[in-house]
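**Student:** Next comes the structure file final-v6.cif, holding mmCIF, C-alpha atoms.
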data_model
#
loop_
_atom_site.group_PDB
_atom_site.id
_atom_site.type_symbol
_atom_site.label_atom_id
_atom_site.label_comp_id
_atom_site.auth_asym_id
_atom_site.auth_seq_id
_atom_site.Cartn_x
_atom_site.Cartn_y
_atom_site.Cartn_z
ATOM 1 C CA MET A 1 31.362 40.599 126.832
ATOM 2 C CA SER A 2 29.009 37.913 128.089
ATOM 3 C CA LYS A 3 31.933 35.468 128.519
ATOM 4 C CA ASN A 4 33.461 37.585 131.292
ATOM 5 C CA PRO A 5 30.874 40.050 132.616
ATOM 6 C CA LYS A 6 32.825 40.749 135.813
ATOM 7 C CA LEU A 7 35.882 41.922 133.862
ATOM 8 C CA TRP A 8 33.765 44.250 131.732
ATOM 9 C CA ALA A 9 32.054 45.527 134.868
ATOM 10 C CA ILE A 10 35.450 46.463 136.331
ATOM 11 C CA VAL A 11 36.463 48.239 133.115
ATOM 12 C CA ALA A 12 33.147 50.088 133.090
ATOM 13 C CA ILE A 13 33.642 51.319 136.661
ATOM 14 C CA LEU A 14 37.198 52.507 135.971
ATOM 15 C CA ILE A 15 36.081 54.520 132.949
ATOM 16 C CA ALA A 16 33.178 55.915 134.968
ATOM 17 C CA ILE A 17 35.513 57.046 137.766
ATOM 18 C CA VAL A 18 37.789 59.013 135.460
ATOM 19 C CA SER A 19 34.880 60.472 133.512
ATOM 20 C CA VAL A 20 32.935 61.724 136.513
ATOM 21 C CA GLN A 21 36.005 63.383 138.038
ATOM 22 C CA LEU A 22 36.889 65.063 134.743
ATOM 23 C CA GLY A 23 33.334 66.368 134.682
ATOM 24 C CA ALA A 24 33.735 67.662 138.229
ATOM 25 C CA THR A 25 36.941 69.528 137.377
ATOM 26 C CA LEU A 26 35.211 71.110 134.390
ATOM 27 C CA SER A 27 32.277 72.059 136.615
ATOM 28 C CA LYS A 28 34.469 74.030 138.985
ATOM 29 C CA HIS A 29 35.347 76.369 136.107
ATOM 30 C CA VAL A 30 31.631 77.137 135.689
ATOM 31 C CA PHE A 31 30.791 77.777 139.365
ATOM 32 C CA PRO A 32 31.864 81.453 139.254
ATOM 33 C CA LEU A 33 29.477 82.029 136.332
ATOM 34 C CA VAL A 34 26.247 80.264 137.352
ATOM 35 C CA GLY A 35 26.974 78.857 140.806
ATOM 36 C CA SER A 36 26.958 75.227 141.876
ATOM 37 C CA GLU A 37 23.156 75.108 141.570
ATOM 38 C CA GLY A 38 23.144 76.312 137.973
ATOM 39 C CA THR A 39 25.997 73.986 137.074
ATOM 40 C CA THR A 40 24.133 71.026 138.565
ATOM 41 C CA ALA A 41 21.040 71.928 136.562
ATOM 42 C CA LEU A 42 23.089 72.016 133.358
ATOM 43 C CA ARG A 43 24.719 68.708 134.206
ATOM 44 C CA GLN A 44 21.441 66.922 134.860
ATOM 45 C CA PHE A 45 19.586 68.459 131.918
ATOM 46 C CA PHE A 46 22.138 67.634 129.230
ATOM 47 C CA ALA A 47 22.846 64.206 130.715
ATOM 48 C CA THR A 48 19.124 63.479 130.586
ATOM 49 C CA VAL A 49 18.825 64.618 126.976
ATOM 50 C CA SER A 50 21.768 62.491 125.847
ATOM 51 C CA LEU A 51 20.583 59.398 127.729
ATOM 52 C CA LEU A 52 17.019 59.717 126.449
ATOM 53 C CA ILE A 53 18.302 59.937 122.876
ATOM 54 C CA VAL A 54 20.563 56.923 123.247
ATOM 55 C CA PHE A 55 18.311 54.554 125.219
ATOM 56 C CA GLN A 56 14.824 55.715 124.125
ATOM 57 C CA PRO A 57 13.063 54.447 127.266
ATOM 58 C CA TRP A 58 9.630 55.134 125.769
ATOM 59 C CA ARG A 59 10.136 52.013 123.630
ATOM 60 C CA GLY A 60 9.359 49.018 125.770
ATOM 61 C CA GLY A 61 9.609 51.106 128.910
ATOM 62 C CA PRO A 62 9.220 49.850 132.482
ATOM 63 C CA GLU A 63 5.952 48.579 133.888
ATOM 64 C CA ARG A 64 3.887 50.989 135.946
ATOM 65 C CA ARG A 65 4.728 49.167 139.176
ATOM 66 C CA HIS A 66 8.415 50.059 138.706
ATOM 67 C CA TRP A 67 7.876 53.812 138.437
ATOM 68 C CA PRO A 68 8.028 54.514 142.214
ATOM 69 C CA VAL A 69 11.538 53.053 142.577
ATOM 70 C CA LEU A 70 12.624 54.920 139.438
ATOM 71 C CA ALA A 71 11.306 58.160 140.908
ATOM 72 C CA LEU A 72 13.200 57.466 144.146
ATOM 73 C CA TYR A 73 16.345 56.702 142.153
ATOM 74 C CA GLY A 74 16.006 60.008 140.302
ATOM 75 C CA ALA A 75 15.363 61.979 143.472
ATOM 76 C CA ILE A 76 18.499 60.547 145.066
ATOM 77 C CA LEU A 77 20.569 61.407 141.977
ATOM 78 C CA GLY A 78 19.260 64.957 141.854
ATOM 79 C CA VAL A 79 19.763 65.834 145.502
ATOM 80 C CA MET A 80 23.124 64.014 145.651
ATOM 81 C CA ASN A 81 24.485 66.055 142.766
ATOM 82 C CA LEU A 82 23.182 69.318 144.219
ATOM 83 C CA VAL A 83 24.873 68.837 147.578
ATOM 84 C CA PHE A 84 28.075 67.406 146.117
ATOM 85 C CA TYR A 85 28.554 70.348 143.776
ATOM 86 C CA ALA A 86 27.799 72.684 146.661
ATOM 87 C CA SER A 87 30.586 70.878 148.514
ATOM 88 C CA ILE A 88 33.279 71.098 145.814
ATOM 89 C CA ALA A 89 32.465 74.786 145.425
ATOM 90 C CA ARG A 90 33.810 75.187 148.982
ATOM 91 C CA ILE A 91 36.501 72.514 149.495
ATOM 92 C CA PRO A 92 39.058 70.734 147.250
ATOM 93 C CA LEU A 93 37.707 68.026 144.960
ATOM 94 C CA GLY A 94 39.842 65.208 146.345
ATOM 95 C CA ILE A 95 38.817 65.935 149.921
ATOM 96 C CA ALA A 96 35.135 66.204 148.993
ATOM 97 C CA VAL A 97 35.235 62.822 147.265
ATOM 98 C CA ALA A 98 37.043 61.254 150.235
ATOM 99 C CA LEU A 99 34.353 62.558 152.586
ATOM 100 C CA GLU A 100 31.577 61.551 150.203
ATOM 101 C CA PHE A 101 33.054 58.087 150.008
ATOM 102 C CA SER A 102 31.858 57.436 153.566
ATOM 103 C CA GLY A 103 28.543 56.382 152.013
ATOM 104 C CA PRO A 104 29.754 53.615 149.662
ATOM 105 C CA LEU A 105 32.259 52.470 152.254
ATOM 106 C CA THR A 106 29.475 52.085 154.807
ATOM 107 C CA VAL A 107 27.479 50.001 152.334
ATOM 108 C CA ALA A 108 30.535 47.827 151.778
ATOM 109 C CA ILE A 109 31.322 47.350 155.467
ATOM 110 C CA LEU A 110 27.724 46.491 156.317
ATOM 111 C CA GLY A 111 27.847 43.776 153.671
ATOM 112 C CA SER A 112 30.494 41.807 155.566
ATOM 113 C CA ARG A 113 30.790 40.503 159.112
ATOM 114 C CA LYS A 114 34.490 39.599 159.355
ATOM 115 C CA TRP A 115 36.602 40.770 162.290
ATOM 116 C CA SER A 116 39.093 42.380 159.911
ATOM 117 C CA ASP A 117 36.398 44.883 158.928
ATOM 118 C CA PHE A 118 37.112 46.724 162.175
ATOM 119 C CA ILE A 119 40.580 47.544 160.812
ATOM 120 C CA TRP A 120 39.103 49.127 157.701
ATOM 121 C CA VAL A 121 36.499 50.975 159.740
ATOM 122 C CA ALA A 122 39.283 52.380 161.911
ATOM 123 C CA CYS A 123 41.215 53.537 158.825
ATOM 124 C CA ALA A 124 38.146 55.192 157.347
ATOM 125 C CA VAL A 125 37.189 56.906 160.597
ATOM 126 C CA ALA A 126 40.756 58.127 161.120
ATOM 127 C CA GLY A 127 40.834 59.566 157.599
ATOM 128 C CA LEU A 128 37.483 61.295 158.009
ATOM 129 C CA LEU A 129 38.451 62.701 161.406
ATOM 130 C CA ILE A 130 41.620 64.203 159.939
ATOM 131 C CA LEU A 131 39.576 65.927 157.249
ATOM 132 C CA LEU A 132 37.103 67.515 159.657
ATOM 133 C CA PRO A 133 37.676 71.285 160.122
ATOM 134 C CA TRP A 134 39.046 71.226 163.658
ATOM 135 C CA GLY A 135 41.238 74.318 163.435
ATOM 136 C CA ASP A 136 40.937 77.944 162.381
ATOM 137 C CA GLY A 137 44.143 78.106 160.342
ATOM 138 C CA SER A 138 44.561 78.606 156.633
ATOM 139 C CA THR A 139 44.393 74.845 156.014
ATOM 140 C CA ALA A 140 41.080 74.390 157.856
ATOM 141 C CA LEU A 141 38.275 73.242 155.594
ATOM 142 C CA ASP A 142 35.008 75.084 155.119
ATOM 143 C CA LEU A 143 32.535 73.506 157.564
ATOM 144 C CA LEU A 144 29.543 73.798 155.254
ATOM 145 C CA GLY A 145 31.510 72.187 152.431
ATOM 146 C CA VAL A 146 32.355 69.263 154.706
ATOM 147 C CA VAL A 147 28.720 68.858 155.765
ATOM 148 C CA TYR A 148 27.560 68.898 152.154
ATOM 149 C CA ALA A 149 30.129 66.231 151.240
ATOM 150 C CA LEU A 150 28.997 63.976 154.098
ATOM 151 C CA ILE A 151 25.345 64.371 153.079
ATOM 152 C CA ALA A 152 26.344 63.471 149.535
ATOM 153 C CA GLY A 153 28.015 60.372 150.972
ATOM 154 C CA VAL A 154 24.784 59.228 152.601
ATOM 155 C CA LEU A 155 22.961 59.749 149.321
ATOM 156 C CA TRP A 156 25.692 57.922 147.383
ATOM 157 C CA GLY A 157 25.239 54.903 149.638
ATOM 158 C CA LEU A 158 21.497 54.999 148.971
ATOM 159 C CA TYR A 159 22.192 55.354 145.246
ATOM 160 C CA ILE A 160 24.156 52.092 145.282
ATOM 161 C CA ILE A 161 21.380 50.212 147.073
ATOM 162 C CA VAL A 162 18.479 51.658 145.108
ATOM 163 C CA GLY A 163 20.435 51.535 141.841
ATOM 164 C CA GLN A 164 20.823 47.779 142.129
ATOM 165 C CA LYS A 165 17.093 47.389 142.757
ATOM 166 C CA VAL A 166 16.364 49.505 139.693
ATOM 167 C CA GLY A 167 18.812 47.487 137.608
ATOM 168 C CA ASP A 168 17.115 44.264 138.672
ATOM 169 C CA ARG A 169 13.739 45.538 137.468
ATOM 170 C CA VAL A 170 14.464 47.739 134.452
ATOM 171 C CA HIS A 171 16.937 47.520 131.561
ATOM 172 C CA GLY A 172 20.063 49.382 132.710
ATOM 173 C CA GLY A 173 20.165 52.092 130.053
ATOM 174 C CA LYS A 174 16.455 52.838 130.236
ATOM 175 C CA ALA A 175 16.631 52.965 134.029
ATOM 176 C CA VAL A 176 19.449 55.516 133.981
ATOM 177 C CA ALA A 177 17.701 57.668 131.385
ATOM 178 C CA LEU A 178 14.417 57.711 133.308
ATOM 179 C CA GLY A 179 16.175 58.216 136.631
ATOM 180 C CA MET A 180 18.059 61.191 135.218
ATOM 181 C CA ALA A 181 14.809 62.590 133.828
ATOM 182 C CA PHE A 182 13.257 62.419 137.302
ATOM 183 C CA SER A 183 16.354 64.087 138.763
ATOM 184 C CA THR A 184 15.838 67.162 136.589
ATOM 185 C CA LEU A 185 12.558 67.794 138.415
ATOM 186 C CA PHE A 186 14.712 68.629 141.464
ATOM 187 C CA THR A 187 17.781 70.224 139.943
ATOM 188 C CA VAL A 188 16.593 72.342 137.007
ATOM 189 C CA PRO A 189 14.064 74.502 138.914
ATOM 190 C CA ILE A 190 16.643 75.160 141.640
ATOM 191 C CA GLY A 191 19.334 75.988 139.077
ATOM 192 C CA VAL A 192 17.044 78.373 137.221
ATOM 193 C CA ALA A 193 16.053 80.056 140.482
ATOM 194 C CA PHE A 194 19.706 80.724 141.346
ATOM 195 C CA ALA A 195 21.253 81.401 137.921
ATOM 196 C CA GLY A 196 18.322 82.647 135.827
ATOM 197 C CA ALA A 197 18.830 83.600 132.178
ATOM 198 C CA SER A 198 22.624 83.286 132.429
ATOM 199 C CA LEU A 199 22.122 79.551 131.924
ATOM 200 C CA LEU A 200 21.165 80.314 128.303
ATOM 201 C CA SER A 201 24.543 81.818 127.421
ATOM 202 C CA PRO A 202 26.055 79.889 124.462
ATOM 203 C CA THR A 203 29.327 79.441 126.345
ATOM 204 C CA ILE A 204 27.557 78.180 129.442
ATOM 205 C CA LEU A 205 25.418 75.807 127.380
ATOM 206 C CA LEU A 206 28.539 74.394 125.737
ATOM 207 C CA TYR A 207 30.071 73.806 129.142
ATOM 208 C CA GLY A 208 26.825 72.185 130.201
ATOM 209 C CA VAL A 209 26.937 69.681 127.350
ATOM 210 C CA GLY A 210 30.473 68.631 128.288
ATOM 211 C CA ILE A 211 29.704 68.402 131.985
ATOM 212 C CA GLY A 212 26.491 66.478 131.416
ATOM 213 C CA ILE A 213 28.185 63.883 129.245
ATOM 214 C CA LEU A 214 31.367 63.493 131.319
ATOM 215 C CA ALA A 215 29.959 63.774 134.814
ATOM 216 C CA SER A 216 26.619 62.013 134.422
ATOM 217 C CA ALA A 217 25.730 60.393 131.100
ATOM 218 C CA ILE A 218 28.875 58.276 130.711
ATOM 219 C CA PRO A 219 29.478 57.279 134.351
ATOM 220 C CA TYR A 220 25.863 56.561 135.321
ATOM 221 C CA ALA A 221 25.281 54.429 132.232
ATOM 222 C CA LEU A 222 28.482 52.466 132.877
ATOM 223 C CA GLU A 223 27.760 52.112 136.580
ATOM 224 C CA MET A 224 24.337 50.685 135.838
ATOM 225 C CA VAL A 225 25.982 48.089 133.603
ATOM 226 C CA ALA A 226 28.400 47.231 136.416
ATOM 227 C CA LEU A 227 25.647 47.001 139.026
ATOM 228 C CA LYS A 228 23.946 44.288 136.990
ATOM 229 C CA ALA A 229 27.123 42.187 136.992
ATOM 230 C CA MET A 230 28.245 42.494 140.612
ATOM 231 C CA PRO A 231 26.776 42.857 144.123
ATOM 232 C CA ALA A 232 26.154 46.335 145.515
ATOM 233 C CA LYS A 233 28.886 45.912 148.148
ATOM 234 C CA THR A 234 31.471 44.964 145.501
ATOM 235 C CA PHE A 235 30.462 47.949 143.413
ATOM 236 C CA GLY A 236 30.973 50.241 146.395
ATOM 237 C CA LEU A 237 34.364 48.725 147.120
ATOM 238 C CA MET A 238 35.563 49.145 143.540
ATOM 239 C CA MET A 239 35.122 52.865 144.068
ATOM 240 C CA SER A 240 38.249 52.901 146.253
ATOM 241 C CA LEU A 241 40.046 54.687 143.423
ATOM 242 C CA GLU A 242 37.637 57.632 143.469
ATOM 243 C CA PRO A 243 39.428 59.746 146.105
ATOM 244 C CA ALA A 244 42.841 59.198 144.504
ATOM 245 C CA VAL A 245 41.661 60.070 140.995
ATOM 246 C CA ALA A 246 39.805 63.120 142.293
ATOM 247 C CA ALA A 247 42.790 64.364 144.286
ATOM 248 C CA LEU A 248 45.203 63.878 141.385
ATOM 249 C CA LEU A 249 42.935 65.587 138.853
ATOM 250 C CA GLY A 250 42.314 68.355 141.355
ATOM 251 C CA LEU A 251 46.059 68.826 141.686
ATOM 252 C CA VAL A 252 46.902 68.657 137.971
ATOM 253 C CA ILE A 253 43.932 70.496 136.473
ATOM 254 C CA LEU A 254 42.642 72.725 139.282
ATOM 255 C CA HIS A 255 45.967 73.236 141.111
ATOM 256 C CA GLU A 256 44.349 72.288 144.406
ATOM 257 C CA LEU A 257 47.232 71.635 146.771
ATOM 258 C CA LEU A 258 46.560 69.344 149.709
ATOM 259 C CA THR A 259 48.612 69.325 152.880
ATOM 260 C CA PRO A 260 50.576 66.167 153.767
ATOM 261 C CA LEU A 261 48.018 65.437 156.497
ATOM 262 C CA GLN A 262 45.158 65.737 154.022
ATOM 263 C CA TRP A 263 46.921 63.388 151.601
ATOM 264 C CA LEU A 264 47.294 60.961 154.515
ATOM 265 C CA ALA A 265 43.566 61.196 155.190
ATOM 266 C CA VAL A 266 42.749 60.456 151.546
ATOM 267 C CA ALA A 267 45.172 57.509 151.634
ATOM 268 C CA LEU A 268 43.490 56.127 154.762
ATOM 269 C CA VAL A 269 40.106 56.208 153.049
ATOM 270 C CA ILE A 270 41.583 54.389 150.041
ATOM 271 C CA ILE A 271 43.235 51.784 152.308
ATOM 272 C CA ALA A 272 39.920 51.236 154.089
ATOM 273 C CA SER A 273 38.155 50.677 150.795
ATOM 274 C CA ALA A 274 40.834 48.434 149.302
ATOM 275 C CA GLY A 275 41.106 46.346 152.453
ATOM 276 C CA SER A 276 37.386 45.881 152.836
ATOM 277 C CA SER A 277 37.216 45.071 149.119
ATOM 278 C CA LEU A 278 39.474 42.070 149.638
ATOM 279 C CA THR A 279 37.408 40.958 152.604
ATOM 280 C CA ALA A 280 34.151 41.341 150.722
ATOM 281 C CA LYS A 281 35.490 39.485 147.701
ATOM 282 C CA ARG A 282 36.539 36.488 149.768
ATOM 283 C CA GLY A 283 33.263 36.543 151.620
ATOM 284 C CA SER A 284 31.348 36.668 148.378
ATOM 285 C CA ASN A 285 33.258 33.764 146.940
ATOM 286 C CA ASP A 286 32.708 31.700 150.048
ATOM 287 C CA ALA A 287 29.021 32.399 149.936
ATOM 288 C CA THR A 288 28.649 31.221 146.362
ATOM 289 C CA ALA A 289 30.964 28.222 146.579
#
Can you present the structure in this file as structure tokens?
**Tutor:**
Amino acid sequence: MSKNPKLWAIVAILIAIVSVQLGATLSKHVFPLVGSEGTTALRQFFATVSLLIVFQPWRGGPERRHWPVLALYGAILGVMNLVFYASIARIPLGIAVALEFSGPLTVAILGSRKWSDFIWVACAVAGLLILLPWGDGSTALDLLGVVYALIAGVLWGLYIIVGQKVGDRVHGGKAVALGMAFSTLFTVPIGVAFAGASLLSPTILLYGVGIGILASAIPYALEMVALKAMPAKTFGLMMSLEPAVAALLGLVILHELLTPLQWLAVALVIIASAGSSLTAKRGSNDATA
């Protein structure tokens, strides 16, 4: 793995993308039972338990001076997951991910200063504008769901930036485990307040284990590995597959049908990401040559 860390970082991101979207599709089956808040609490709790068991951060844990950034990392994770799940409870998964992707894409664009970036910005803006709920027809999106997805996008961008800082200071696995533990301080109390004792149902707990592992434990651990092997802007650009994977899984598993215009919007976001990825990669190579 050490001979080609960039290749392994790419593989890690691809696995993380599929895993997190599978977790999201599973989560949508639980929303009617405990709500998006309860589902988020289950996701964070079981992800934290699994990561703490695997990485055992209490052994050779981070220095005290690193705890503030870990707490910030955890707070971002917790709130991001709360608002994103609130979003996909109201709008299709693929559209929510496309809207949320505005955050990583912004991080990527800000990392480069080439004129061609304006093309990718235009594609991204056009895609996002198409997805905004302009009309009152049956295909119009829920406004609150759109707002939640955009807030999640801002938090996702912050996650990329702060996550790299955490990875530079703390061993990747331990950082993820501790960050997830901090995130439960935000998500679990809110989930309990909304869902109450129904969270203790054996069926719900089983769902929670699956969601926690698929949607958080696996992807966040792999993403932390990737962040240590590539710049934050490259990491954000690699996520260009997120909207496509989410839309396809939403179609196949959740039967969420998008209109041709909505598919076009998702495609524009993907084009923006892929195009800016090429620009960023060349820029990065030039800078290190």
**Student:** Looking at A:Ala122, A:Tyr73, A:Tyr85, A:Val11, which one is nearest to Ala215 (chain A), with distances taken over all atoms listed in the file?
**Tutor:** A:Tyr85
**Student:** Between A:Leu99, A:Leu7, A:Ile15, A:Ala265, which is the closest to Leu214 (chain A) once you count all atoms listed in the file?
**Tutor:**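 Smallest separation from Leu214 (chain A) among the options: A:Ile15.
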**Student:** Rank A:Leu33, A:Ala217, A:Ile109, A:Ala140 by their smallest atom-to-atom distance to Phe46 (chain A), using only C-alpha atoms, and report the top residue only.
**Tutor:**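 Of A:Leu33, A:Ala217, A:Ile109, A:Ala140, the one nearest Phe46 (chain A), counting only C-alpha atoms, is A:Ala217.
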**Student:** Give me, as a list in words, all polymer residues having an atom no more than 10 Å from Ala177 (chain A), counting only C-alpha atoms and skipping those fewer than 2 positions away in the same chain.
**Tutor:**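 With the cut-off at 10 Å, the set is Ala47, Thr48, Val49, Ser50, Leu51, Leu52, Ile53, Val54, Phe55, Gln56, Pro57, Leu70, Gly74, Gly172, Gly173, Lys174, Ala175, Gly179, Met180, Ala181, Phe182, Ser183, Ala217, Tyr220 and Ala221 of chain A.
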**Student:** Neighbours of region 145-155 of chain A within 8 Å (only C-alpha atoms; same-chain residues fewer than 6 positions away dropped), as a VMD selection string?
**Tutor:** chain A and resid 76 to 77 79 to 81 83 to 84 86 to 91 96 to 97 99 to 104 132 to 133
**Student:** Would you kindly translate the PyMOL selection byres ((chain A and resi 105) around 10) into the concrete residues it picks from this file, as a PyMOL selection string?
**Tutor:** chain A and resi 100-104+106-111+120-121+124+153+156-157+233+236-240+269-270+272-274+276-277
**Student:** Check what the PyMOL selection byres ((chain A and resi 39) around 12) selects in the file above and give those residues as a ChimeraX atom specification.
**Tutor:** /A:23-38,40-46,81-86,88-89,187-188,190-192,194-196,198-200,204-212,215
**Student:** Run the PyMOL selection byres ((chain A and resi 264) around 12) on the file and write out the hits as a VMD selection string.
**Tutor:** chain A and resid 94 to 95 98 123 to 124 126 to 131 243 to 244 247 258 to 263 265 to 271
**Student:** Between CA of Ala16 (chain A) and CA of Leu222 (chain A), measure the distance and give it in Å to one decimal.
**Tutor:**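 One can read the CA of Ala16 (chain A) to CA of Leu222 (chain A) distance as 6.2 Å.
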**Student:** Point out the residue among A:Met230, A:Pro202, A:Ala71, A:Trp115 with the least atom-to-atom distance to Trp8 (chain A), counting only C-alpha atoms.
**Tutor:**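 Checking each of A:Met230, A:Pro202, A:Ala71, A:Trp115 against Trp8 (chain A), counting only C-alpha atoms, the winner is A:Met230.
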**Student:** Could you jot down the CA of Leu227 (chain A) to CA of Leu14 (chain A) separation for me, Å, one decimal place?
**Tutor:**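 Between CA of Leu227 (chain A) and CA of Leu14 (chain A) the gap is 13.2 Å.
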**Student:** Rounded to one decimal place, report the CA of Ala9 (chain A)-CA of Phe118 (chain A) distance in Å.
**Tutor:** 27.8 Å
**Student:** Quick one: region 12-29 of chain A with N, CA, C and O atoms, as an mmCIF file, keeping the file's coordinate frame?
**Tutor:**
data_model
loop_
_atom_site.group_PDB
_atom_site.id
_atom_site.type_symbol
_atom_site.label_atom_id
_atom_site.label_comp_id
_atom_site.auth_asym_id
_atom_site.auth_seq_id
_atom_site.Cartn_x
_atom_site.Cartn_y
_atom_site.Cartn_z
ATOM 1 N N ALA A 12 34.183 49.056 133.129
ATOM 2 C CA ALA A 12 33.147 50.088 133.090
ATOM 3 C C ALA A 12 33.266 51.029 134.284
ATOM 4 O O ALA A 12 33.142 52.256 134.149
ATOM 5 N N ILE A 13 33.522 50.491 135.464
ATOM 6 C CA ILE A 13 33.642 51.319 136.661
ATOM 7 C C ILE A 13 34.863 52.234 136.561
ATOM 8 O O ILE A 13 34.799 53.418 136.921
ATOM 9 N N LEU A 14 35.987 51.701 136.081
ATOM 10 C CA LEU A 14 37.198 52.507 135.971
ATOM 11 C C LEU A 14 36.998 53.687 135.021
ATOM 12 O O LEU A 14 37.414 54.813 135.308
ATOM 13 N N ILE A 15 36.364 53.432 133.883
ATOM 14 C CA ILE A 15 36.081 54.520 132.949
ATOM 15 C C ILE A 15 35.139 55.531 133.581
ATOM 16 O O ILE A 15 35.310 56.750 133.441
ATOM 17 N N ALA A 16 34.147 55.036 134.317
ATOM 18 C CA ALA A 16 33.178 55.915 134.968
ATOM 19 C C ALA A 16 33.857 56.819 135.995
ATOM 20 O O ALA A 16 33.528 58.009 136.110
ATOM 21 N N ILE A 17 34.812 56.273 136.746
ATOM 22 C CA ILE A 17 35.513 57.046 137.766
ATOM 23 C C ILE A 17 36.261 58.224 137.145
ATOM 24 O O ILE A 17 36.143 59.371 137.596
ATOM 25 N N VAL A 18 37.024 57.949 136.104
ATOM 26 C CA VAL A 18 37.789 59.013 135.460
ATOM 27 C C VAL A 18 36.852 60.042 134.835
ATOM 28 O O VAL A 18 37.054 61.254 134.953
ATOM 29 N N SER A 19 35.802 59.567 134.197
ATOM 30 C CA SER A 19 34.880 60.472 133.512
ATOM 31 C C SER A 19 34.190 61.417 134.481
ATOM 32 O O SER A 19 34.116 62.629 134.248
ATOM 33 N N VAL A 20 33.682 60.878 135.582
ATOM 34 C CA VAL A 20 32.935 61.724 136.513
ATOM 35 C C VAL A 20 33.837 62.761 137.166
ATOM 36 O O VAL A 20 33.420 63.900 137.413
ATOM 37 N N GLN A 21 35.100 62.418 137.425
ATOM 38 C CA GLN A 21 36.005 63.383 138.038
ATOM 39 C C GLN A 21 36.466 64.435 137.035
ATOM 40 O O GLN A 21 36.681 65.595 137.400
ATOM 41 N N LEU A 22 36.606 64.057 135.771
ATOM 42 C CA LEU A 22 36.889 65.063 134.743
ATOM 43 C C LEU A 22 35.721 66.038 134.631
ATOM 44 O O LEU A 22 35.911 67.249 134.471
ATOM 45 N N GLY A 23 34.510 65.504 134.703
ATOM 46 C CA GLY A 23 33.334 66.368 134.682
ATOM 47 C C GLY A 23 33.297 67.317 135.869
ATOM 48 O O GLY A 23 32.913 68.484 135.739
ATOM 49 N N ALA A 24 33.721 66.818 137.027
ATOM 50 C CA ALA A 24 33.735 67.662 138.229
ATOM 51 C C ALA A 24 34.762 68.783 138.112
ATOM 52 O O ALA A 24 34.498 69.924 138.512
ATOM 53 N N THR A 25 35.937 68.473 137.548
ATOM 54 C CA THR A 25 36.941 69.528 137.377
ATOM 55 C C THR A 25 36.456 70.590 136.401
ATOM 56 O O THR A 25 36.688 71.789 136.593
ATOM 57 N N LEU A 26 35.777 70.157 135.344
ATOM 58 C CA LEU A 26 35.211 71.110 134.390
ATOM 59 C C LEU A 26 34.131 71.958 135.053
ATOM 60 O O LEU A 26 34.017 73.167 134.809
ATOM 61 N N SER A 27 33.355 71.342 135.927
ATOM 62 C CA SER A 27 32.277 72.059 136.615
ATOM 63 C C SER A 27 32.806 73.206 137.467
ATOM 64 O O SER A 27 32.180 74.271 137.537
ATOM 65 N N LYS A 28 33.940 73.000 138.099
ATOM 66 C CA LYS A 28 34.469 74.030 138.985
ATOM 67 C C LYS A 28 34.858 75.297 138.229
ATOM 68 O O LYS A 28 34.924 76.373 138.818
ATOM 69 N N HIS A 29 35.080 75.183 136.917
ATOM 70 C CA HIS A 29 35.347 76.369 136.107
ATOM 71 C C HIS A 29 34.062 77.160 135.827
ATOM 72 O O HIS A 29 34.130 78.339 135.460
#
